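Working notes, structure below.
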Amino acid sequence: MTPSPSWDSPPKTLTLPSNTVHVWRASLAVPASYLRTLEGTLTADECARAERFYFQEHRERFIAGRGLLRNILSRYLGREPGQLRFCYNSYGKPALIEEADAEGLRFNLSHSHDMALYAVTHDREIGIDIERFRPDVEAEKLAERFFSPREATVLRTLPEQLRKEGFFNCWTRKEAYIKAEGEGMAIPLSSFDVSLAPGEPAALLRSQKDPQEASRWSMQALDPGPGYAAALAVKGHDWELKCWQWASM
Ligand SMILES: CC(C)(COP(=O)(O)OP(=O)(O)OC[C@H]1O[C@@H](n2cnc3c(N)ncnc32)[C@H](O)[C@@H]1OP(=O)(O)O)[C@@H](O)C(=O)NCCC(=O)NCCS
């Protein structure tokens, strides 16, 4: 299996050559003063969305997540974080509003508890998902309900001690794929198969919608740190991955 790359400190001047994917790992548990700075970069609609969270910790995670997204993208675009404008497809997937200087930059993000991952590339579909391991997860029950019949069978036949890992491999790969496609739950989760057995390379194996679909996509398992699983889905195969650690101020 292709090992997950290490999380390096980014260089001062960052470039994103074509056929490259950058993934950023960031903690959403940022110091209060930095949270205020990040909040200051949000647009009125984003602030309104933050206000709708009932729990303060959820509100703060949203502000940190969105503020960091703006900061990360602004490093590639050479613009102020607060100047970036997003649009959304009809399933809620955010994208940069196409302006002359958006440079075909594509991104996707995922957060779980206080960890976030951001995937950035040029001119190709991309999706990312991170999930925190929950020890009490009813893996087999959820698999019967949400996974494809093949995936549920593979999970069931794994040795007991590998089943949790297999479950989260499957979950994050399925989510990364539907997030790359951008149609969310409009794509039935049982309509496609991903690999899941620990040690097997991450891959889209089959899709009911088109026999060629699996060959169009590549996947990469990521190791965000203890207690988390993550996966990346990218259209095409001709790309290289670099992973960066975001240092909060
Ligand atoms: C919204 C969804 C795309 C992902 O939700 P999620 O896994 O709860 O959340 P994640 O943290 O991974 O991703 C959320 C981010 O994805 C982005 N996003 C929103 N809608 C999206 C879409 N249709 N496609 C891609 N990305 C999307 C947003 O940036 C969002 O962050 P924000 O709310 O801070 O702006 C959707 O697929 C969903 O609801 N999934 C849950 C499905 C499920 O129950 N799966 C069972 C196991 S297989």
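Every chain in the structure tokens has a letter given in the order shown (A, B, ...), and although residue numbers restart at 1 in each chain, ligands are simply numbered from 1 in the order shown.
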
Next on the checklist: When you look at region 134-139 of chain A with a cut-off of 9 Å (counting only C-alpha atoms), what residues show up, excluding the ones that are within fewer than 5 positions of it in the same chain? I need them as a VMD selection string.
Outcome noted: chain A and resid 144 155 163 to 164 167 to 168 227

Those same residues, written as a short mmCIF file (atom, residue, chain, number, x, y, z; two decimals), in the first residue's frame with C-alpha atoms?
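What follows is the written file result_28.cif:
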data_model
loop_
_atom_site.label_atom_id
_atom_site.label_comp_id
_atom_site.auth_asym_id
_atom_site.auth_seq_id
_atom_site.Cartn_x
_atom_site.Cartn_y
_atom_site.Cartn_z
CA GLU A 144 -25.09 -3.43 6.40
CA LEU A 155 -15.80 -6.32 6.33
CA ARG A 163 -12.72 -4.77 11.48
CA LYS A 164 -12.73 -1.27 13.02
CA PHE A 167 -14.74 0.06 8.61
CA PHE A 168 -13.09 3.49 8.84
CA GLY A 227 -7.32 8.17 16.59
#

Item to check | Contacts with ligand 1 at most 7 Å, only C-alpha atoms and all ligand atoms counted, listed as a count of residues only | outcome: 30

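Take the candidates A:Ile187, A:Val234, A:Leu196, A:Ala176 and check each one against Arg156 (chain A) using only C-alpha atoms; the shortest distance goes to A:Leu196.
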
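Residue nearest Thr172 (chain A), chosen from A:Thr41, A:Asn19, A:Ser191, A:Gln220 and counting only C-alpha atoms: A:Gln220.
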
Next on the checklist: So that I can check the secondary structure, give me every residue of region 31-200 of chain A assigned helix (DSSP H, G or I) by backbone DSSP, as a ChimeraX atom specification.
Outcome noted: /A:32-39,44-51,56-77,81-83,100-102,139-146,149-157,160-181,184-186,189-191

Keeping C-alpha atoms for every residue in the selection just given, could you write it to a file as a PDB file, in the first residue's frame?
ATOM      1  CA  ALA A  32      -8.569  32.565  21.334  1.00  0.00           C
ATOM      2  CA  SER A  33      -6.681  35.553  19.897  1.00  0.00           C
ATOM      3  CA  TYR A  34      -5.996  33.714  16.631  1.00  0.00           C
ATOM      4  CA  LEU A  35      -9.653  32.637  16.478  1.00  0.00           C
ATOM      5  CA  ARG A  36     -10.659  36.331  16.552  1.00  0.00           C
ATOM      6  CA  THR A  37      -8.202  37.049  13.734  1.00  0.00           C
ATOM      7  CA  LEU A  38      -9.674  34.204  11.671  1.00  0.00           C
ATOM      8  CA  GLU A  39     -13.217  35.398  12.420  1.00  0.00           C
ATOM      9  CA  ALA A  44     -21.241  38.211   6.589  1.00  0.00           C
ATOM     10  CA  ASP A  45     -22.933  34.990   5.401  1.00  0.00           C
ATOM     11  CA  GLU A  46     -20.202  32.885   7.024  1.00  0.00           C
ATOM     12  CA  CYS A  47     -20.548  34.824  10.306  1.00  0.00           C
ATOM     13  CA  ALA A  48     -24.314  34.299  10.144  1.00  0.00           C
ATOM     14  CA  ARG A  49     -23.757  30.580   9.635  1.00  0.00           C
ATOM     15  CA  ALA A  50     -21.383  30.507  12.611  1.00  0.00           C
ATOM     16  CA  GLU A  51     -24.051  32.202  14.760  1.00  0.00           C
ATOM     17  CA  GLN A  56     -19.953  27.363  21.266  1.00  0.00           C
ATOM     18  CA  GLU A  57     -17.391  24.664  20.492  1.00  0.00           C
ATOM     19  CA  HIS A  58     -19.142  23.892  17.181  1.00  0.00           C
ATOM     20  CA  ARG A  59     -19.336  27.602  16.371  1.00  0.00           C
ATOM     21  CA  GLU A  60     -15.648  28.053  17.103  1.00  0.00           C
ATOM     22  CA  ARG A  61     -14.659  25.003  15.064  1.00  0.00           C
ATOM     23  CA  PHE A  62     -16.592  26.333  12.086  1.00  0.00           C
ATOM     24  CA  ILE A  63     -14.920  29.756  12.390  1.00  0.00           C
ATOM     25  CA  ALA A  64     -11.475  28.162  12.695  1.00  0.00           C
ATOM     26  CA  GLY A  65     -12.146  25.750   9.819  1.00  0.00           C
ATOM     27  CA  ARG A  66     -13.368  28.458   7.451  1.00  0.00           C
ATOM     28  CA  GLY A  67     -10.734  30.975   8.517  1.00  0.00           C
ATOM     29  CA  LEU A  68      -7.942  28.459   7.986  1.00  0.00           C
ATOM     30  CA  LEU A  69      -9.377  27.535   4.577  1.00  0.00           C
ATOM     31  CA  ARG A  70      -9.187  31.206   3.597  1.00  0.00           C
ATOM     32  CA  ASN A  71      -5.621  31.466   4.895  1.00  0.00           C
ATOM     33  CA  ILE A  72      -4.465  28.319   3.107  1.00  0.00           C
ATOM     34  CA  LEU A  73      -5.996  29.292  -0.241  1.00  0.00           C
ATOM     35  CA  SER A  74      -4.675  32.844   0.034  1.00  0.00           C
ATOM     36  CA  ARG A  75      -1.130  31.449   0.203  1.00  0.00           C
ATOM     37  CA  TYR A  76      -1.555  30.131  -3.352  1.00  0.00           C
ATOM     38  CA  LEU A  77      -3.414  33.120  -4.723  1.00  0.00           C
ATOM     39  CA  PRO A  81      -7.903  35.742   3.100  1.00  0.00           C
ATOM     40  CA  GLY A  82     -10.907  38.041   3.548  1.00  0.00           C
ATOM     41  CA  GLN A  83     -11.023  38.857  -0.174  1.00  0.00           C
ATOM     42  CA  ALA A 100      -9.131  35.723 -13.376  1.00  0.00           C
ATOM     43  CA  ASP A 101      -6.807  35.070 -10.473  1.00  0.00           C
ATOM     44  CA  ALA A 102      -8.454  31.950  -9.024  1.00  0.00           C
ATOM     45  CA  ALA A 139     -19.321  -1.186  12.452  1.00  0.00           C
ATOM     46  CA  GLU A 140     -21.196  -4.204  11.134  1.00  0.00           C
ATOM     47  CA  LYS A 141     -24.659  -2.681  11.614  1.00  0.00           C
ATOM     48  CA  LEU A 142     -23.626   0.545   9.849  1.00  0.00           C
ATOM     49  CA  ALA A 143     -21.917  -1.412   7.079  1.00  0.00           C
ATOM     50  CA  GLU A 144     -25.091  -3.428   6.405  1.00  0.00           C
ATOM     51  CA  ARG A 145     -27.025  -0.183   6.202  1.00  0.00           C
ATOM     52  CA  PHE A 146     -24.669   2.117   4.265  1.00  0.00           C
ATOM     53  CA  PRO A 149     -23.049  -5.580  -0.451  1.00  0.00           C
ATOM     54  CA  ARG A 150     -19.452  -6.371  -1.483  1.00  0.00           C
ATOM     55  CA  GLU A 151     -17.977  -4.012   1.109  1.00  0.00           C
ATOM     56  CA  ALA A 152     -20.205  -5.394   3.869  1.00  0.00           C
ATOM     57  CA  THR A 153     -19.104  -8.929   2.953  1.00  0.00           C
ATOM     58  CA  VAL A 154     -15.394  -8.017   2.939  1.00  0.00           C
ATOM     59  CA  LEU A 155     -15.800  -6.317   6.326  1.00  0.00           C
ATOM     60  CA  ARG A 156     -17.578  -9.335   7.805  1.00  0.00           C
ATOM     61  CA  THR A 157     -14.833 -11.700   6.666  1.00  0.00           C
ATOM     62  CA  GLU A 160     -12.270  -9.287  14.328  1.00  0.00           C
ATOM     63  CA  GLN A 161      -9.223  -7.194  15.345  1.00  0.00           C
ATOM     64  CA  LEU A 162      -9.038  -5.562  11.851  1.00  0.00           C
ATOM     65  CA  ARG A 163     -12.716  -4.774  11.484  1.00  0.00           C
ATOM     66  CA  LYS A 164     -12.728  -1.271  13.021  1.00  0.00           C
ATOM     67  CA  GLU A 165      -9.822  -0.201  10.805  1.00  0.00           C
ATOM     68  CA  GLY A 166     -11.515  -1.747   7.764  1.00  0.00           C
ATOM     69  CA  PHE A 167     -14.745   0.057   8.614  1.00  0.00           C
ATOM     70  CA  PHE A 168     -13.088   3.495   8.838  1.00  0.00           C
ATOM     71  CA  ASN A 169     -11.033   2.808   5.679  1.00  0.00           C
ATOM     72  CA  CYS A 170     -14.284   2.153   3.858  1.00  0.00           C
ATOM     73  CA  TRP A 171     -16.165   5.087   5.356  1.00  0.00           C
ATOM     74  CA  THR A 172     -13.467   7.691   4.613  1.00  0.00           C
ATOM     75  CA  ARG A 173     -12.873   6.395   1.053  1.00  0.00           C
ATOM     76  CA  LYS A 174     -16.595   6.435   0.240  1.00  0.00           C
ATOM     77  CA  GLU A 175     -16.967   9.931   1.671  1.00  0.00           C
ATOM     78  CA  ALA A 176     -13.867  11.216  -0.141  1.00  0.00           C
ATOM     79  CA  TYR A 177     -15.292   9.927  -3.430  1.00  0.00           C
ATOM     80  CA  ILE A 178     -18.768  11.413  -3.016  1.00  0.00           C
ATOM     81  CA  LYS A 179     -17.177  14.674  -1.894  1.00  0.00           C
ATOM     82  CA  ALA A 180     -14.960  14.735  -4.980  1.00  0.00           C
ATOM     83  CA  GLU A 181     -18.046  14.147  -7.147  1.00  0.00           C
ATOM     84  CA  GLY A 184     -23.183  14.344  -1.495  1.00  0.00           C
ATOM     85  CA  MET A 185     -25.744  11.785  -0.495  1.00  0.00           C
ATOM     86  CA  ALA A 186     -27.414  12.029  -3.923  1.00  0.00           C
ATOM     87  CA  LEU A 189     -23.464   4.802  -0.954  1.00  0.00           C
ATOM     88  CA  SER A 190     -24.286   1.244  -1.976  1.00  0.00           C
ATOM     89  CA  SER A 191     -23.826   2.003  -5.691  1.00  0.00           C
TER      90      SER A 191
END

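For region 127-184 of chain A, a DSSP pass over the backbone yields strand (DSSP E) at Gly127, Ile128, Asp129, Ile130, Glu131 and Arg132 of chain A.
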
What does the file look like for those residues with N, CA and C atoms, as a compact mmCIF listing (two decimals), in the first residue's frame?
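Okay, result16.txt is ready:
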# COMPACT_ATOMS: atom_id res chain seq x y z
N GLY A 127 -11.68 15.29 -3.46
CA GLY A 127 -12.50 15.17 -2.26
C GLY A 127 -11.67 14.57 -1.14
N ILE A 128 -11.95 14.99 0.09
CA ILE A 128 -11.18 14.50 1.23
C ILE A 128 -12.11 14.23 2.39
N ASP A 129 -11.75 13.24 3.20
CA ASP A 129 -12.58 12.96 4.38
C ASP A 129 -11.71 12.50 5.54
N ILE A 130 -12.02 13.01 6.71
CA ILE A 130 -11.35 12.58 7.95
C ILE A 130 -12.42 12.17 8.95
N GLU A 131 -12.18 11.11 9.66
CA GLU A 131 -13.12 10.66 10.70
C GLU A 131 -12.32 10.28 11.94
N ARG A 132 -12.85 10.68 13.08
CA ARG A 132 -12.23 10.26 14.34
C ARG A 132 -12.77 8.88 14.70

Checklist outcome for this item: Using only C-alpha atoms, the shortest atom-to-atom distance to Phe133 (chain A) among A:Thr43, A:His113, A:Ala203, A:Ser195 belongs to A:His113

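Among A:Tyr88, A:Trp24, A:Tyr54, A:Phe107, the residue with the shortest atom-to-atom distance to Arg124 (chain A), counting only C-alpha atoms, is A:Phe107.
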